[in-house]
Amino acid sequence: MRRTVNAIPQSFLDCKESFETLQSIFRQTDILVLPTLTEQQEQWLDKAMAFRNAFAVDYDVLLKGGLDSGIISLVLCRCKLSGDTEHNSARLAAKLGNVDLVFWSDEKLCDADRRYVSHARPIEHLSYGEAAELSFFGSKLLHSAHMAPAMEKGIAVKLACLSDPDAKGTIIDSNVVESSRIVSGFGLIENVALLSIEGPLMSGVPGVSSRLFTALSDQNVSVIMISQASSEYSICLAVDASVKDKAAEAAKQAMGALFADMIEVRAVPDCAIIAAVGERMAGSVGVSARLFSSLARANVSAKAISQGSMERNISVVVDKADVKKALMSLHDAFFAPKGPRLLIAGSGNVASALMKLLARRTDVSVSAICNSRSALLDPLSRKDWKQDLLVADSRSLESLMDSLDYDILVDCTASSKTADLYEKALGSGRWVVAANKDWASRKGTDPRRIGHEATVGAGLPLMRTLRSLKATGDEITAIEATLSGTLCWIFSSLDESASFSELVIKAHELGYTEPDPRMDLSGLDVARKAVILGKEMGMDCCLEDAKVQSLVPEGLEGVSKEEFLSRLKDHDSELGKLGKVSYVASIKPGCIECGLRPFDYAQGKNNAIVIYTKAYESGLVIQGPGAGADVTAYGVLADILDWRR
């Protein structure tokens with residue numbers, strides 16, 4: 001019978017939330033290896049163990065008295081040992097044989113440091129060699145000495161997470177499993193200094209390296225990484241930043257005795273080492289090219305490079321300040337999925353139309369969709385996601401952002417609360433795509449950070465056109481546009497046969513207007529879109545900067561919708577004298593105005609945008625449907641597919 005040996009860390013026993021989790025671990029435990037306990041922890045543990053037929057034995061009794069009798073498989077044994085619980089568990093497993101060995105910790109072992117790559121994923125499998133490499137390069141969840149007894153006997157080690165005890169965890173064994181991943185993970189050592197020893201007389205002189213390393217060893221300085229040019233003109237060593245001065249002085253004395261003043265020793269502080277680790281790197285063509293191309297795209301310079309002879313490790317020294325962008329770029333280069341993973345906020349018409357488009361694609365996945373009340377994971381796998389969302393658990397968008405793996409936050413709402421979370425998503429390395437115009441009403445928001453094609457003109461290729469014009473060096477001097485399909489339809493239909501009030505009521509009945517038509521007639525929706533266009537032109541503007549003409553008659557602003565519609569006919573005479581006009585947004589540097597004026601391009605419900613530039617002095621016209629859930633969803637999808645830019 002296989003038994004399970006579990007190693008529990010001291011930090012977990014100090015945690016107040018540990019009791020229930022430890023009980024669940026007990027249900028699958030034969031042998032529990034604990035650190036030395038305080039009297040209070042002993043009492044706490046006795047309470048936790050009371051529901052099982054359990055007794056405590058020490059290490060010697062367990063080995064001498066328990067093995068032959070088979071009693072270990074029947075009861076829960078508590079092994080109180082001195083030293084690291086992981087190493088003791090590995091020793092015990094090696095003696096017992098035929099066991100499952102589990103190291104528990106507070107975190108999951110991920111393919112990159114989650115402090116810098118928040119969407120890093122747990123590693124499912126490592127070989128002993130990969131685990132040893134990641135252990136050396138900063139992983140606090142691994143220590144090769146802890147695993148050594150198990151490795152010697154070929155016993156697999158599982159790394160499990162106390163906060164998610166039912167998760168798969170990471171399996172470490174002697175196998176190299178088939179995988180599409182060439183790199184298994186990235187290790188990181190921070191607070192490193194780079195020691196550089198250079199001199200023309202070093203070339204071809206025997207014993208130089210030996211003398212240098214002996215001097216460093218005498219000063220108890222450990223060398224983390226070595227990089228030497230084939231010309232032997234220079235040697236680079238990475239050491240812990242805390243001993244850089246001592247290391248530099250030892251190197252100067254050792255080398256100075258041989259080469260007098262013909263040697264230069266420099267210590268470069270504030271460095272870090274990033275190591276790409278993977279058994280499948282050996283013999284794989286293009287790994288180094290992908291790694292260094294990724295660093296170049298992130299504008300990160302490699303100060304020193306080292307590769308192990310087993311080809312399972314490429315280590316690069318970078319500036320400590322560049323660690324985040326370097327790791328994020330490397331993680332994207334080696335681990336990014338074929339398409340983005342979406343977290344969709346909103347479940348209304350636009351979100352529903354978008355889900356229909358996504359259901360036909362294989363290059364995009366949806367991690368979750370949520371509204372203000374509930375959230376549904378993996379909705380595309382559901383037969384009726386809308387119905388399932390109605391009865392799904394209550395979860396906030398912010399909690400999903402903290403717990404889910406996703407690449408893009410897609411905002412299909414009109415909520416300011418959702419827009420408040422954009423900075424949180426962007427700050428964690430995600431992208432934001434918005435059909436929500438609320439963010440644009442705020443001062444200082446940068447449109448280049450957010451995909452927002454659908455916020456103006458729905459699915460019309462407007463933002464892409466503006467960016468292309470600017471990218472070529474053209475200068476946008478002005479934009480004039482009809483940006484409300486509702487107001488376009490009303491004024492293009494206004495003639496002697498139909499009054500203004502009749503057209504507003506008909507537009508409301510046809511579903512062209514917002515639930516309250518005053519939202520359209522106030523001009524604020526047009527003003528928000530005009531502000532977005534102003535931002536695209538380079539203006540630091542907000543909604544308060546726009547001059548807006550309201551078409552809501554004075555005295556009807558605060559009445560009920562029903563009263564507003566019934567009394568609107570009283571103002572037909574003044575609105576009917578306007579002539580052939582349209583509601584137009586005019587955007588020029590430093591000036592945004594929204595109001596009634598003649599406009600030649602107004603037609604039906606279509607939006608019309610005229611862009612004036614140095615090259616297009618007479619105007620470049622973009623015209624088409626500017627509203628509707630389907631065309632808006634196409635605009636959102638276009639931004640989603642453009643996520644890698």
# chains A, B, ... in the order shown; residues from 1 in each chain; ligands from 1

$ select_by_dssp --residues "stretch 448-550 of chain A" --states "strand (DSSP E)" --output "list in words"
Ile450, Gly451, Ile476, Thr477, Ala478, Ile479, Glu480, Ala481, Thr482, Ala546, Lys547 and Val548 of chain A

$ closest_atom_pairs --of "stretch 416-435 of chain A" --to "stretch 103-122 of chain A" --cutoff "10 Å" --atoms "only C-alpha atoms" --output "Markdown table"
| residue | atom | partner | partner_atom | distance |
| --- | --- | --- | --- | --- |
| A:Gly427 | CA | A:Ser118 | CA | 9.9 |
| A:Ser428 | CA | A:Ser118 | CA | 6.2 |
| A:Gly429 | CA | A:Val117 | CA | 7.4 |
| A:Arg430 | CA | A:His119 | CA | 8.6 |

$ write_last_selection --atoms "N, CA, C and O atoms" --output "PDB file, in the first residue's frame"
ATOM      1  N   GLY A 427      -2.007  48.169 -14.679  1.00  0.00           N
ATOM      2  CA  GLY A 427      -0.862  48.087 -13.766  1.00  0.00           C
ATOM      3  C   GLY A 427      -0.369  46.677 -13.550  1.00  0.00           C
ATOM      4  O   GLY A 427       0.791  46.470 -13.179  1.00  0.00           O
ATOM      5  N   SER A 428      -1.235  45.677 -13.792  1.00  0.00           N
ATOM      6  CA  SER A 428      -0.831  44.278 -13.626  1.00  0.00           C
ATOM      7  C   SER A 428      -0.381  43.659 -14.946  1.00  0.00           C
ATOM      8  O   SER A 428      -0.219  42.449 -15.041  1.00  0.00           O
ATOM      9  N   GLY A 429      -0.190  44.496 -15.968  1.00  0.00           N
ATOM     10  CA  GLY A 429       0.326  43.998 -17.237  1.00  0.00           C
ATOM     11  C   GLY A 429      -0.733  43.530 -18.213  1.00  0.00           C
ATOM     12  O   GLY A 429      -0.409  42.959 -19.252  1.00  0.00           O
ATOM     13  N   ARG A 430      -2.016  43.763 -17.892  1.00  0.00           N
ATOM     14  CA  ARG A 430      -3.081  43.373 -18.815  1.00  0.00           C
ATOM     15  C   ARG A 430      -3.413  44.519 -19.779  1.00  0.00           C
ATOM     16  O   ARG A 430      -2.937  45.633 -19.634  1.00  0.00           O
TER      17      ARG A 430
END

$ select_by_dssp --residues "stretch 119-283 of chain A" --states "alpha helix (DSSP H)" --output "JSON, numbers by chain"
{"A": [128, 129, 130, 131, 132, 133, 134, 135, 136, 144, 145, 146, 147, 148, 149, 150, 151, 152, 153, 208, 209, 210, 211, 212, 213, 214, 215, 216, 217, 218, 244, 245, 246, 247, 248, 249, 250, 251, 252, 253, 254, 255, 256, 257, 258, 259]}

$ residues_around --residues "A:Lys158" --least-positions-apart "2" --cutoff "8 Å" --atoms "only C-alpha atoms" --output "JSON, numbers by chain"
{"A": [100, 101, 102, 103, 156, 160, 169, 170, 171, 172]}

$ write_last_selection --atoms "C-alpha atoms" --output "tab-separated table (two decimals), in the first residue's frame"
chain	number	residue	atom	x	y	z
A	100	ASP	CA	3.93	9.81	-2.24
A	101	LEU	CA	6.03	12.72	-0.99
A	102	VAL	CA	4.33	16.12	-0.70
A	103	PHE	CA	5.96	19.45	0.18
A	156	ALA	CA	8.66	11.82	-7.10
A	160	ALA	CA	1.25	21.50	-3.09
A	169	GLY	CA	0.41	21.09	-7.81
A	170	THR	CA	3.85	20.54	-9.37
A	171	ILE	CA	5.28	17.05	-9.84
A	172	ILE	CA	9.09	16.70	-9.76

$ decode --residues "stretch 490-524 of chain A" --atoms "N, CA, C and O atoms" --output "mmCIF file, in the first residue's frame"
data_model
loop_
_atom_site.group_PDB
_atom_site.id
_atom_site.type_symbol
_atom_site.label_atom_id
_atom_site.label_comp_id
_atom_site.auth_asym_id
_atom_site.auth_seq_id
_atom_site.Cartn_x
_atom_site.Cartn_y
_atom_site.Cartn_z
ATOM 1 N N ILE A 490 -33.357 61.853 -36.502
ATOM 2 C CA ILE A 490 -34.398 62.846 -36.215
ATOM 3 C C ILE A 490 -34.277 64.048 -37.148
ATOM 4 O O ILE A 490 -35.263 64.478 -37.774
ATOM 5 N N PHE A 491 -33.078 64.593 -37.287
ATOM 6 C CA PHE A 491 -32.934 65.822 -38.066
ATOM 7 C C PHE A 491 -32.953 65.568 -39.571
ATOM 8 O O PHE A 491 -33.356 66.440 -40.342
ATOM 9 N N SER A 492 -32.531 64.367 -40.005
ATOM 10 C CA SER A 492 -32.642 64.079 -41.439
ATOM 11 C C SER A 492 -34.091 63.802 -41.825
ATOM 12 O O SER A 492 -34.464 63.911 -43.002
ATOM 13 N N SER A 493 -34.942 63.446 -40.842
ATOM 14 C CA SER A 493 -36.355 63.162 -41.107
ATOM 15 C C SER A 493 -37.246 64.373 -40.850
ATOM 16 O O SER A 493 -38.455 64.333 -41.144
ATOM 17 N N LEU A 494 -36.709 65.438 -40.307
ATOM 18 C CA LEU A 494 -37.495 66.602 -39.904
ATOM 19 C C LEU A 494 -37.928 67.400 -41.140
ATOM 20 O O LEU A 494 -37.101 67.918 -41.891
ATOM 21 N N ASP A 495 -39.228 67.446 -41.360
ATOM 22 C CA ASP A 495 -39.778 68.253 -42.458
ATOM 23 C C ASP A 495 -41.197 68.659 -42.079
ATOM 24 O O ASP A 495 -41.638 68.462 -40.945
ATOM 25 N N GLU A 496 -41.929 69.192 -43.041
ATOM 26 C CA GLU A 496 -43.274 69.696 -42.750
ATOM 27 C C GLU A 496 -44.243 68.584 -42.367
ATOM 28 O O GLU A 496 -45.247 68.819 -41.696
ATOM 29 N N SER A 497 -43.934 67.351 -42.793
ATOM 30 C CA SER A 497 -44.867 66.243 -42.527
ATOM 31 C C SER A 497 -44.700 65.637 -41.142
ATOM 32 O O SER A 497 -45.548 64.870 -40.698
ATOM 33 N N ALA A 498 -43.612 65.937 -40.471
ATOM 34 C CA ALA A 498 -43.359 65.346 -39.143
ATOM 35 C C ALA A 498 -42.711 66.390 -38.250
ATOM 36 O O ALA A 498 -41.715 67.014 -38.624
ATOM 37 N N SER A 499 -43.270 66.566 -37.062
ATOM 38 C CA SER A 499 -42.715 67.538 -36.117
ATOM 39 C C SER A 499 -41.581 66.912 -35.322
ATOM 40 O O SER A 499 -41.398 65.691 -35.303
ATOM 41 N N PHE A 500 -40.859 67.777 -34.628
ATOM 42 C CA PHE A 500 -39.729 67.318 -33.810
ATOM 43 C C PHE A 500 -40.193 66.349 -32.729
ATOM 44 O O PHE A 500 -39.606 65.281 -32.535
ATOM 45 N N SER A 501 -41.264 66.698 -32.042
ATOM 46 C CA SER A 501 -41.739 65.839 -30.941
ATOM 47 C C SER A 501 -42.201 64.487 -31.468
ATOM 48 O O SER A 501 -41.971 63.450 -30.837
ATOM 49 N N GLU A 502 -42.887 64.492 -32.635
ATOM 50 C CA GLU A 502 -43.347 63.223 -33.207
ATOM 51 C C GLU A 502 -42.172 62.325 -33.567
ATOM 52 O O GLU A 502 -42.225 61.103 -33.351
ATOM 53 N N LEU A 503 -41.117 62.909 -34.094
ATOM 54 C CA LEU A 503 -39.947 62.112 -34.465
ATOM 55 C C LEU A 503 -39.220 61.568 -33.238
ATOM 56 O O LEU A 503 -38.722 60.442 -33.254
ATOM 57 N N VAL A 504 -39.161 62.353 -32.170
ATOM 58 C CA VAL A 504 -38.529 61.870 -30.935
ATOM 59 C C VAL A 504 -39.308 60.682 -30.379
ATOM 60 O O VAL A 504 -38.728 59.657 -29.977
ATOM 61 N N ILE A 505 -40.657 60.808 -30.367
ATOM 62 C CA ILE A 505 -41.493 59.717 -29.844
ATOM 63 C C ILE A 505 -41.355 58.473 -30.717
ATOM 64 O O ILE A 505 -41.239 57.346 -30.213
ATOM 65 N N LYS A 506 -41.319 58.668 -32.049
ATOM 66 C CA LYS A 506 -41.177 57.520 -32.949
ATOM 67 C C LYS A 506 -39.812 56.856 -32.777
ATOM 68 O O LYS A 506 -39.712 55.616 -32.756
ATOM 69 N N ALA A 507 -38.746 57.655 -32.642
ATOM 70 C CA ALA A 507 -37.402 57.102 -32.420
ATOM 71 C C ALA A 507 -37.350 56.302 -31.126
ATOM 72 O O ALA A 507 -36.711 55.242 -31.047
ATOM 73 N N HIS A 508 -38.056 56.796 -30.123
ATOM 74 C CA HIS A 508 -38.105 56.076 -28.841
ATOM 75 C C HIS A 508 -38.836 54.746 -28.997
ATOM 76 O O HIS A 508 -38.389 53.710 -28.480
ATOM 77 N N GLU A 509 -39.944 54.765 -29.734
ATOM 78 C CA GLU A 509 -40.714 53.536 -29.942
ATOM 79 C C GLU A 509 -39.934 52.521 -30.769
ATOM 80 O O GLU A 509 -40.055 51.309 -30.556
ATOM 81 N N LEU A 510 -39.125 53.002 -31.724
ATOM 82 C CA LEU A 510 -38.331 52.101 -32.569
ATOM 83 C C LEU A 510 -37.070 51.595 -31.864
ATOM 84 O O LEU A 510 -36.358 50.745 -32.403
ATOM 85 N N GLY A 511 -36.791 52.129 -30.681
ATOM 86 C CA GLY A 511 -35.619 51.691 -29.933
ATOM 87 C C GLY A 511 -34.333 52.374 -30.344
ATOM 88 O O GLY A 511 -33.245 51.915 -30.005
ATOM 89 N N TYR A 512 -34.453 53.491 -31.067
ATOM 90 C CA TYR A 512 -33.257 54.210 -31.501
ATOM 91 C C TYR A 512 -32.634 55.007 -30.349
ATOM 92 O O TYR A 512 -31.424 55.224 -30.326
ATOM 93 N N THR A 513 -33.458 55.477 -29.425
ATOM 94 C CA THR A 513 -32.968 56.339 -28.353
ATOM 95 C C THR A 513 -32.531 55.513 -27.149
ATOM 96 O O THR A 513 -32.783 54.304 -27.062
ATOM 97 N N GLU A 514 -31.898 56.185 -26.202
ATOM 98 C CA GLU A 514 -31.654 55.589 -24.896
ATOM 99 C C GLU A 514 -33.002 55.406 -24.197
ATOM 100 O O GLU A 514 -34.023 55.972 -24.644
ATOM 101 N N PRO A 515 -33.058 54.618 -23.089
ATOM 102 C CA PRO A 515 -34.343 54.432 -22.388
ATOM 103 C C PRO A 515 -35.053 55.758 -22.088
ATOM 104 O O PRO A 515 -36.271 55.844 -22.165
ATOM 105 N N ASP A 516 -34.283 56.782 -21.747
ATOM 106 C CA ASP A 516 -34.826 58.128 -21.594
ATOM 107 C C ASP A 516 -34.256 58.973 -22.732
ATOM 108 O O ASP A 516 -33.048 59.221 -22.785
ATOM 109 N N PRO A 517 -35.089 59.431 -23.679
ATOM 110 C CA PRO A 517 -34.583 60.174 -24.849
ATOM 111 C C PRO A 517 -33.783 61.424 -24.485
ATOM 112 O O PRO A 517 -32.996 61.910 -25.307
ATOM 113 N N ARG A 518 -33.969 61.948 -23.297
ATOM 114 C CA ARG A 518 -33.216 63.137 -22.903
ATOM 115 C C ARG A 518 -31.718 62.876 -22.836
ATOM 116 O O ARG A 518 -30.911 63.814 -22.939
ATOM 117 N N MET A 519 -31.331 61.602 -22.641
ATOM 118 C CA MET A 519 -29.904 61.276 -22.654
ATOM 119 C C MET A 519 -29.303 61.554 -24.025
ATOM 120 O O MET A 519 -28.136 61.937 -24.140
ATOM 121 N N ASP A 520 -30.091 61.357 -25.085
ATOM 122 C CA ASP A 520 -29.625 61.686 -26.438
ATOM 123 C C ASP A 520 -29.721 63.190 -26.687
ATOM 124 O O ASP A 520 -28.784 63.808 -27.211
ATOM 125 N N LEU A 521 -30.866 63.771 -26.309
ATOM 126 C CA LEU A 521 -31.115 65.174 -26.621
ATOM 127 C C LEU A 521 -30.226 66.128 -25.824
ATOM 128 O O LEU A 521 -30.013 67.268 -26.248
ATOM 129 N N SER A 522 -29.699 65.679 -24.706
ATOM 130 C CA SER A 522 -28.841 66.554 -23.897
ATOM 131 C C SER A 522 -27.517 66.845 -24.580
ATOM 132 O O SER A 522 -26.844 67.826 -24.261
ATOM 133 N N GLY A 523 -27.105 65.981 -25.519
ATOM 134 C CA GLY A 523 -25.832 66.157 -26.208
ATOM 135 C C GLY A 523 -24.640 65.614 -25.456
ATOM 136 O O GLY A 523 -23.510 65.631 -25.977
ATOM 137 N N LEU A 524 -24.846 65.081 -24.239
ATOM 138 C CA LEU A 524 -23.705 64.616 -23.438
ATOM 139 C C LEU A 524 -23.049 63.378 -24.042
ATOM 140 O O LEU A 524 -21.833 63.206 -23.952
#
